[in-house]
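Worksheet: the structure to be examined is printed underneath.
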There are 2 protein chains.
Amino acid sequence: MRRVSESTVHRLSLYYRSLTEMERDGHQTISSRELAGRERLTPAQVRKDLSFFGSFGTRGLGYPVKELKEKIAKILGINKEWNVALIGVGNVGSALVSYKEFPKQGFNIKMIFDNDQRKIGKTRKGILVRDVKNLAQELKKHKIDMVIIAVPAAVAQSVVNEVVAVGVNAILNFAPTNINVPPSVFLRTVNMAMELEHLSFFLVNKEGLKI
Amino acid sequence: MRRVSESTVHRLSLYYRSLTEMERDGHQTISSRELAGRERLTPAQVRKDLSFFGSFGTRGLGYPVKELKEKIAKILGINKEWNVALIGVGNVGSALVSYKEFPKQGFNIKMIFDNDQRKIGKTRKGILVRDVKNLAQELKKHKIDMVIIAVPAAVAQSVVNEVVAVGVNAILNFAPTNINVPPSVFLRTVNMAMELEHLSFFLVNKEGLKI
């Protein structure tokens, strides 16, 4: 795979959102300067990212909003629908089941698993909560593209091992722990505390790095 | 401020976590190769990051785990306690109130605000839910370092404006919308759908970028 950094993918997602708002507001074109300004980037960075993906603005006119948006959607794979399984429906898992941005972007939670007998057999937003004991066999029966891990840290690795064994190779992990996967599997960890560390870093260092 | 990218801060948070695990497991030193391997980075990247922050390993011995961990904690500002206000205690907000990694890292939710009369006056994990109508005056009365925004997208900008007006300048936003803040304010947006877009990007492009 041509090497694209996670930061670049992140910026593409940001551009996509800006372009969606621009399109909704009736704009036909956008300049690299406008796109950069919305995301606090430099116009040069925007032009570099977009040229890398084969999009070139027209001098004086900029980029065609609709066309660029569709192109980025295709690169990000959000021009299609994805089947997602959620494992763990505690506090974080429950928030994700109700997260409206997921279906809006084509990410459809189709299966939910938990180990809590009080939750198993009931539904969440119309989706049956299944026993995580049957995870492997249930996952095999359904065409699942991605798995979201929202289980406690102590059991996350063993759950991930099962998921990987049945052939799912895209995993979003919310368990605050280091997880190992084979090189063919893409695992991304979201850690809310790490998000706040960007804020504390800013507060501590805003008058210059103290090292 | 000496320019440090968000990716660098992110890697420092990852190093901190690896070092915490290494220390717990009784390791005294770690090589750049080991640290890189745990996070799927190159040893050169690790050495570059750490030398930037004034830490140099000893050839053949590596970095002293405890010392390096403490140094990174200081740079990230997680060697101290922070007072956090949470605005919006719906699905996402409720998950954050219970998120154990926050207090563990020194991020203490001290105030909660909502606009739902059924929630106002009650407590969540022992914290009073206050009326968001009184946001500005209540925030002024307490020493709040950071604010977490977990309100619907449509009202997020106006809530952020109030927060900025009382002088809080570190904001973590979970509302899926573009928010404007003055240059002196640090705002970071977490969008779960954007996290899944890293997975769909991987699935679409794993056999090479199709552009």
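Within each chain, counting starts at residue 1; across the structure tokens, chains are named A, B, ... in the order shown, with ligands numbered 1 upward in that order.
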
**Message:** According to DSSP computed on the backbone, where in region 2-203 of chain A is there alpha helix (DSSP H)? Give the residues as a ChimeraX atom specification.
**Reply:** /A:6-24,32-39,43-52,65-76,91-97,101-104,135-141,153-165,192-203

Pairing the C-alpha atoms in order across the whole chain, superpose chain B onto chain A by least squares and write the result as a PDB file with C-alpha atoms, in the first residue's frame.
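Once written, part_26.pdb looks like this:
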```pdb
ATOM      1  CA  MET B   1       0.012  -0.004   0.015  1.00  0.00           C
ATOM      2  CA  ARG B   2       1.256   3.431  -0.882  1.00  0.00           C
ATOM      3  CA  ARG B   3       2.234   4.921   2.459  1.00  0.00           C
ATOM      4  CA  VAL B   4      -0.423   7.268   3.814  1.00  0.00           C
ATOM      5  CA  SER B   5       0.012   8.384   7.409  1.00  0.00           C
ATOM      6  CA  GLU B   6      -2.795   8.312   9.959  1.00  0.00           C
ATOM      7  CA  SER B   7      -2.493  12.110  10.149  1.00  0.00           C
ATOM      8  CA  THR B   8      -3.261  12.343   6.435  1.00  0.00           C
ATOM      9  CA  VAL B   9      -6.335  10.127   6.796  1.00  0.00           C
ATOM     10  CA  HIS B  10      -7.404  12.312   9.713  1.00  0.00           C
ATOM     11  CA  ARG B  11      -7.071  15.461   7.583  1.00  0.00           C
ATOM     12  CA  LEU B  12      -9.065  13.853   4.761  1.00  0.00           C
ATOM     13  CA  SER B  13     -11.885  13.201   7.256  1.00  0.00           C
ATOM     14  CA  LEU B  14     -11.724  16.868   8.276  1.00  0.00           C
ATOM     15  CA  TYR B  15     -11.812  18.040   4.640  1.00  0.00           C
ATOM     16  CA  TYR B  16     -14.782  15.771   4.016  1.00  0.00           C
ATOM     17  CA  ARG B  17     -16.690  17.420   6.862  1.00  0.00           C
ATOM     18  CA  SER B  18     -15.823  20.939   5.750  1.00  0.00           C
ATOM     19  CA  LEU B  19     -16.857  20.126   2.185  1.00  0.00           C
ATOM     20  CA  THR B  20     -20.149  18.667   3.421  1.00  0.00           C
ATOM     21  CA  GLU B  21     -20.892  21.931   5.240  1.00  0.00           C
ATOM     22  CA  MET B  22     -19.811  24.007   2.227  1.00  0.00           C
ATOM     23  CA  GLU B  23     -22.071  21.988  -0.071  1.00  0.00           C
ATOM     24  CA  ARG B  24     -24.999  22.316   2.338  1.00  0.00           C
ATOM     25  CA  ASP B  25     -24.468  26.088   2.369  1.00  0.00           C
ATOM     26  CA  GLY B  26     -24.633  26.194  -1.414  1.00  0.00           C
ATOM     27  CA  HIS B  27     -20.955  26.757  -2.255  1.00  0.00           C
ATOM     28  CA  GLN B  28     -19.773  25.377  -5.581  1.00  0.00           C
ATOM     29  CA  THR B  29     -16.037  25.897  -5.176  1.00  0.00           C
ATOM     30  CA  ILE B  30     -13.574  26.261  -2.324  1.00  0.00           C
ATOM     31  CA  SER B  31      -9.980  27.496  -2.305  1.00  0.00           C
ATOM     32  CA  SER B  32      -7.141  25.718  -0.520  1.00  0.00           C
ATOM     33  CA  ARG B  33      -6.911  28.836   1.675  1.00  0.00           C
ATOM     34  CA  GLU B  34     -10.559  28.534   2.798  1.00  0.00           C
ATOM     35  CA  LEU B  35     -10.245  24.799   3.389  1.00  0.00           C
ATOM     36  CA  ALA B  36      -7.031  25.353   5.364  1.00  0.00           C
ATOM     37  CA  GLY B  37      -8.541  28.165   7.426  1.00  0.00           C
ATOM     38  CA  ARG B  38     -11.444  26.009   8.572  1.00  0.00           C
ATOM     39  CA  GLU B  39      -9.065  23.375   9.919  1.00  0.00           C
ATOM     40  CA  ARG B  40      -6.182  25.595  11.041  1.00  0.00           C
ATOM     41  CA  LEU B  41      -3.837  24.111   8.448  1.00  0.00           C
ATOM     42  CA  THR B  42      -1.679  25.823   5.853  1.00  0.00           C
ATOM     43  CA  PRO B  43      -2.961  26.153   2.262  1.00  0.00           C
ATOM     44  CA  ALA B  44       0.255  24.392   1.173  1.00  0.00           C
ATOM     45  CA  GLN B  45      -0.606  21.371   3.341  1.00  0.00           C
ATOM     46  CA  VAL B  46      -4.102  21.196   1.853  1.00  0.00           C
ATOM     47  CA  ARG B  47      -2.778  21.434  -1.715  1.00  0.00           C
ATOM     48  CA  LYS B  48      -0.162  18.766  -0.979  1.00  0.00           C
ATOM     49  CA  ASP B  49      -2.743  16.377   0.508  1.00  0.00           C
ATOM     50  CA  LEU B  50      -5.186  16.844  -2.336  1.00  0.00           C
ATOM     51  CA  SER B  51      -2.599  16.629  -5.116  1.00  0.00           C
ATOM     52  CA  PHE B  52      -1.415  13.374  -3.557  1.00  0.00           C
ATOM     53  CA  PHE B  53      -4.914  12.058  -4.133  1.00  0.00           C
ATOM     54  CA  GLY B  54      -5.011  13.368  -7.681  1.00  0.00           C
ATOM     55  CA  SER B  55      -7.128  16.473  -7.096  1.00  0.00           C
ATOM     56  CA  PHE B  56      -5.928  19.797  -8.431  1.00  0.00           C
ATOM     57  CA  GLY B  57      -7.666  23.123  -7.916  1.00  0.00           C
ATOM     58  CA  THR B  58      -8.085  25.638 -10.723  1.00  0.00           C
ATOM     59  CA  ARG B  59      -6.201  28.887 -10.183  1.00  0.00           C
ATOM     60  CA  GLY B  60      -8.665  31.595  -9.179  1.00  0.00           C
ATOM     61  CA  LEU B  61     -11.547  29.143  -8.855  1.00  0.00           C
ATOM     62  CA  GLY B  62     -10.346  26.567  -6.353  1.00  0.00           C
ATOM     63  CA  TYR B  63     -11.698  23.058  -6.034  1.00  0.00           C
ATOM     64  CA  PRO B  64     -15.200  21.975  -7.062  1.00  0.00           C
ATOM     65  CA  VAL B  65     -16.882  21.216  -3.693  1.00  0.00           C
ATOM     66  CA  LYS B  66     -19.188  18.358  -4.703  1.00  0.00           C
ATOM     67  CA  GLU B  67     -16.633  16.548  -6.850  1.00  0.00           C
ATOM     68  CA  LEU B  68     -13.874  16.820  -4.250  1.00  0.00           C
ATOM     69  CA  LYS B  69     -16.220  15.669  -1.486  1.00  0.00           C
ATOM     70  CA  GLU B  70     -17.221  12.585  -3.482  1.00  0.00           C
ATOM     71  CA  LYS B  71     -13.621  11.796  -4.297  1.00  0.00           C
ATOM     72  CA  ILE B  72     -12.584  11.953  -0.628  1.00  0.00           C
ATOM     73  CA  ALA B  73     -15.610   9.858   0.378  1.00  0.00           C
ATOM     74  CA  LYS B  74     -14.429   7.172  -2.042  1.00  0.00           C
ATOM     75  CA  ILE B  75     -10.849   7.251  -0.762  1.00  0.00           C
ATOM     76  CA  LEU B  76     -12.101   7.008   2.846  1.00  0.00           C
ATOM     77  CA  GLY B  77     -14.530   4.224   1.919  1.00  0.00           C
ATOM     78  CA  ILE B  78     -17.533   6.134   3.250  1.00  0.00           C
ATOM     79  CA  ASN B  79     -19.362   5.993  -0.094  1.00  0.00           C
ATOM     80  CA  LYS B  80     -20.466   2.498   0.934  1.00  0.00           C
ATOM     81  CA  GLU B  81     -22.064   0.660   3.843  1.00  0.00           C
ATOM     82  CA  TRP B  82     -20.087  -1.280   6.465  1.00  0.00           C
ATOM     83  CA  ASN B  83     -21.262  -3.951   8.873  1.00  0.00           C
ATOM     84  CA  VAL B  84     -19.930  -3.397  12.369  1.00  0.00           C
ATOM     85  CA  ALA B  85     -20.024  -5.633  15.450  1.00  0.00           C
ATOM     86  CA  LEU B  86     -19.800  -4.039  18.890  1.00  0.00           C
ATOM     87  CA  ILE B  87     -18.307  -6.085  21.702  1.00  0.00           C
ATOM     88  CA  GLY B  88     -19.132  -4.796  25.169  1.00  0.00           C
ATOM     89  CA  VAL B  89     -22.171  -2.654  25.865  1.00  0.00           C
ATOM     90  CA  GLY B  90     -21.220  -0.941  29.119  1.00  0.00           C
ATOM     91  CA  ASN B  91     -20.976   2.859  29.396  1.00  0.00           C
ATOM     92  CA  VAL B  92     -18.859   3.463  26.307  1.00  0.00           C
ATOM     93  CA  GLY B  93     -20.555   0.739  24.244  1.00  0.00           C
ATOM     94  CA  SER B  94     -24.009   2.121  25.066  1.00  0.00           C
ATOM     95  CA  ALA B  95     -22.963   5.586  23.892  1.00  0.00           C
ATOM     96  CA  LEU B  96     -21.670   4.102  20.631  1.00  0.00           C
ATOM     97  CA  VAL B  97     -24.921   2.200  19.927  1.00  0.00           C
ATOM     98  CA  SER B  98     -26.749   5.549  20.010  1.00  0.00           C
ATOM     99  CA  TYR B  99     -24.091   7.502  18.101  1.00  0.00           C
ATOM    100  CA  LYS B 100     -25.945   9.023  15.152  1.00  0.00           C
ATOM    101  CA  GLU B 101     -22.817   9.851  13.131  1.00  0.00           C
ATOM    102  CA  PHE B 102     -22.119   6.137  12.558  1.00  0.00           C
ATOM    103  CA  PRO B 103     -25.134   5.248  10.358  1.00  0.00           C
ATOM    104  CA  LYS B 104     -24.911   8.697   8.724  1.00  0.00           C
ATOM    105  CA  GLN B 105     -21.434   7.761   7.478  1.00  0.00           C
ATOM    106  CA  GLY B 106     -22.343   4.199   6.506  1.00  0.00           C
ATOM    107  CA  PHE B 107     -21.154   2.447   9.675  1.00  0.00           C
ATOM    108  CA  ASN B 108     -23.977   0.161  10.756  1.00  0.00           C
ATOM    109  CA  ILE B 109     -23.787  -1.692  14.056  1.00  0.00           C
ATOM    110  CA  LYS B 110     -25.341  -5.062  13.162  1.00  0.00           C
ATOM    111  CA  MET B 111     -24.330  -7.206  16.121  1.00  0.00           C
ATOM    112  CA  ILE B 112     -23.765  -6.557  19.824  1.00  0.00           C
ATOM    113  CA  PHE B 113     -22.019  -8.896  22.265  1.00  0.00           C
ATOM    114  CA  ASP B 114     -21.690  -8.803  26.046  1.00  0.00           C
ATOM    115  CA  ASN B 115     -20.972 -11.199  28.907  1.00  0.00           C
ATOM    116  CA  ASP B 116     -23.612  -9.791  31.277  1.00  0.00           C
ATOM    117  CA  GLN B 117     -26.543 -12.204  31.626  1.00  0.00           C
ATOM    118  CA  ARG B 118     -28.837  -9.250  32.400  1.00  0.00           C
ATOM    119  CA  LYS B 119     -28.074  -7.743  28.991  1.00  0.00           C
ATOM    120  CA  ILE B 120     -27.897 -10.901  26.836  1.00  0.00           C
ATOM    121  CA  GLY B 121     -31.123 -11.651  24.947  1.00  0.00           C
ATOM    122  CA  LYS B 122     -32.380  -8.065  25.280  1.00  0.00           C
ATOM    123  CA  THR B 123     -32.101  -5.476  22.510  1.00  0.00           C
ATOM    124  CA  ARG B 124     -30.348  -2.113  22.246  1.00  0.00           C
ATOM    125  CA  LYS B 125     -31.737   0.219  19.581  1.00  0.00           C
ATOM    126  CA  GLY B 126     -33.369  -2.837  18.055  1.00  0.00           C
ATOM    127  CA  ILE B 127     -30.187  -4.925  17.989  1.00  0.00           C
ATOM    128  CA  LEU B 128     -30.050  -8.212  19.922  1.00  0.00           C
ATOM    129  CA  VAL B 129     -27.340  -8.449  22.578  1.00  0.00           C
ATOM    130  CA  ARG B 130     -25.625 -11.819  22.093  1.00  0.00           C
ATOM    131  CA  ASP B 131     -23.517 -13.876  24.488  1.00  0.00           C
ATOM    132  CA  VAL B 132     -19.827 -13.144  23.943  1.00  0.00           C
ATOM    133  CA  LYS B 133     -19.198 -16.831  24.683  1.00  0.00           C
ATOM    134  CA  ASN B 134     -20.476 -17.554  21.157  1.00  0.00           C
ATOM    135  CA  LEU B 135     -18.491 -14.694  19.605  1.00  0.00           C
ATOM    136  CA  ALA B 136     -16.432 -16.701  17.091  1.00  0.00           C
ATOM    137  CA  GLN B 137     -19.286 -18.820  15.737  1.00  0.00           C
ATOM    138  CA  GLU B 138     -21.714 -15.867  15.555  1.00  0.00           C
ATOM    139  CA  LEU B 139     -19.181 -13.611  13.812  1.00  0.00           C
ATOM    140  CA  LYS B 140     -18.498 -16.367  11.270  1.00  0.00           C
ATOM    141  CA  LYS B 141     -22.203 -16.595  10.414  1.00  0.00           C
ATOM    142  CA  HIS B 142     -22.492 -12.880   9.582  1.00  0.00           C
ATOM    143  CA  LYS B 143     -20.530 -10.727   7.187  1.00  0.00           C
ATOM    144  CA  ILE B 144     -18.865  -8.325   9.615  1.00  0.00           C
ATOM    145  CA  ASP B 145     -16.322  -5.822   8.234  1.00  0.00           C
ATOM    146  CA  MET B 146     -15.213  -4.126  11.442  1.00  0.00           C
ATOM    147  CA  VAL B 147     -15.325  -4.761  15.147  1.00  0.00           C
ATOM    148  CA  ILE B 148     -15.476  -2.203  17.961  1.00  0.00           C
ATOM    149  CA  ILE B 149     -13.967  -3.385  21.257  1.00  0.00           C
ATOM    150  CA  ALA B 150     -15.538  -1.760  24.328  1.00  0.00           C
ATOM    151  CA  VAL B 151     -14.728  -4.394  26.962  1.00  0.00           C
ATOM    152  CA  PRO B 152     -12.620  -3.979  30.120  1.00  0.00           C
ATOM    153  CA  ALA B 153      -8.861  -3.772  29.540  1.00  0.00           C
ATOM    154  CA  ALA B 154      -8.192  -7.103  31.256  1.00  0.00           C
ATOM    155  CA  VAL B 155     -10.121  -9.153  28.665  1.00  0.00           C
ATOM    156  CA  ALA B 156      -9.521  -7.001  25.570  1.00  0.00           C
ATOM    157  CA  GLN B 157      -6.565  -8.978  24.187  1.00  0.00           C
ATOM    158  CA  SER B 158      -8.364 -12.333  24.361  1.00  0.00           C
ATOM    159  CA  VAL B 159     -11.477 -10.878  22.684  1.00  0.00           C
ATOM    160  CA  VAL B 160      -9.292  -9.352  19.951  1.00  0.00           C
ATOM    161  CA  ASN B 161      -7.583 -12.716  19.426  1.00  0.00           C
ATOM    162  CA  GLU B 162     -10.960 -14.346  18.760  1.00  0.00           C
ATOM    163  CA  VAL B 163     -11.978 -11.576  16.371  1.00  0.00           C
ATOM    164  CA  VAL B 164      -8.709 -11.868  14.453  1.00  0.00           C
ATOM    165  CA  ALA B 165      -9.010 -15.662  14.317  1.00  0.00           C
ATOM    166  CA  VAL B 166     -12.330 -15.478  12.423  1.00  0.00           C
ATOM    167  CA  GLY B 167     -10.796 -13.173   9.827  1.00  0.00           C
ATOM    168  CA  VAL B 168     -11.977  -9.676  10.764  1.00  0.00           C
ATOM    169  CA  ASN B 169      -9.035  -7.368  10.161  1.00  0.00           C
ATOM    170  CA  ALA B 170     -10.235  -3.894  11.090  1.00  0.00           C
ATOM    171  CA  ILE B 171     -10.659  -3.187  14.799  1.00  0.00           C
ATOM    172  CA  LEU B 172     -11.418  -0.029  16.756  1.00  0.00           C
ATOM    173  CA  ASN B 173     -10.403  -0.485  20.383  1.00  0.00           C
ATOM    174  CA  PHE B 174     -11.701   1.553  23.311  1.00  0.00           C
ATOM    175  CA  ALA B 175     -10.078  -0.604  26.012  1.00  0.00           C
ATOM    176  CA  PRO B 176      -7.276   1.411  27.629  1.00  0.00           C
ATOM    177  CA  THR B 177      -4.535  -1.158  27.087  1.00  0.00           C
ATOM    178  CA  ASN B 178      -1.847  -2.179  24.637  1.00  0.00           C
ATOM    179  CA  ILE B 179      -3.207  -4.814  22.209  1.00  0.00           C
ATOM    180  CA  ASN B 180      -1.157  -6.956  19.840  1.00  0.00           C
ATOM    181  CA  VAL B 181      -2.434  -7.956  16.414  1.00  0.00           C
ATOM    182  CA  PRO B 182      -0.763  -9.555  13.370  1.00  0.00           C
ATOM    183  CA  PRO B 183       0.624  -7.130  10.750  1.00  0.00           C
ATOM    184  CA  SER B 184      -2.292  -7.891   8.381  1.00  0.00           C
ATOM    185  CA  VAL B 185      -4.784  -6.487  10.898  1.00  0.00           C
ATOM    186  CA  PHE B 186      -5.452  -2.779  11.363  1.00  0.00           C
ATOM    187  CA  LEU B 187      -6.134  -1.868  14.984  1.00  0.00           C
ATOM    188  CA  ARG B 188      -6.766   1.668  16.144  1.00  0.00           C
ATOM    189  CA  THR B 189      -7.092   2.528  19.820  1.00  0.00           C
ATOM    190  CA  VAL B 190      -9.181   5.445  21.092  1.00  0.00           C
ATOM    191  CA  ASN B 191      -8.259   6.574  24.567  1.00  0.00           C
ATOM    192  CA  MET B 192     -10.234   9.501  25.976  1.00  0.00           C
ATOM    193  CA  ALA B 193      -7.559  10.225  28.592  1.00  0.00           C
ATOM    194  CA  MET B 194      -5.018  10.585  25.779  1.00  0.00           C
ATOM    195  CA  GLU B 195      -7.343  13.128  24.188  1.00  0.00           C
ATOM    196  CA  LEU B 196      -7.306  15.177  27.400  1.00  0.00           C
ATOM    197  CA  GLU B 197      -3.511  14.892  27.463  1.00  0.00           C
ATOM    198  CA  HIS B 198      -3.433  17.111  24.375  1.00  0.00           C
ATOM    199  CA  LEU B 199      -5.192  19.739  26.492  1.00  0.00           C
ATOM    200  CA  SER B 200      -2.929  19.377  29.527  1.00  0.00           C
ATOM    201  CA  PHE B 201       0.121  19.453  27.220  1.00  0.00           C
ATOM    202  CA  PHE B 202      -1.173  22.729  25.790  1.00  0.00           C
ATOM    203  CA  LEU B 203      -1.846  24.221  29.229  1.00  0.00           C
ATOM    204  CA  VAL B 204       1.569  23.225  30.588  1.00  0.00           C
ATOM    205  CA  ASN B 205       3.544  24.329  27.535  1.00  0.00           C
ATOM    206  CA  LYS B 206       1.650  27.280  26.129  1.00  0.00           C
ATOM    207  CA  GLU B 207       4.306  29.701  27.348  1.00  0.00           C
ATOM    208  CA  GLY B 208       7.009  27.537  25.799  1.00  0.00           C
ATOM    209  CA  LEU B 209       8.186  24.004  26.384  1.00  0.00           C
ATOM    210  CA  LYS B 210       9.542  23.597  29.899  1.00  0.00           C
ATOM    211  CA  ILE B 211      12.115  20.878  29.528  1.00  0.00           C
TER     212      ILE B 211
END
```
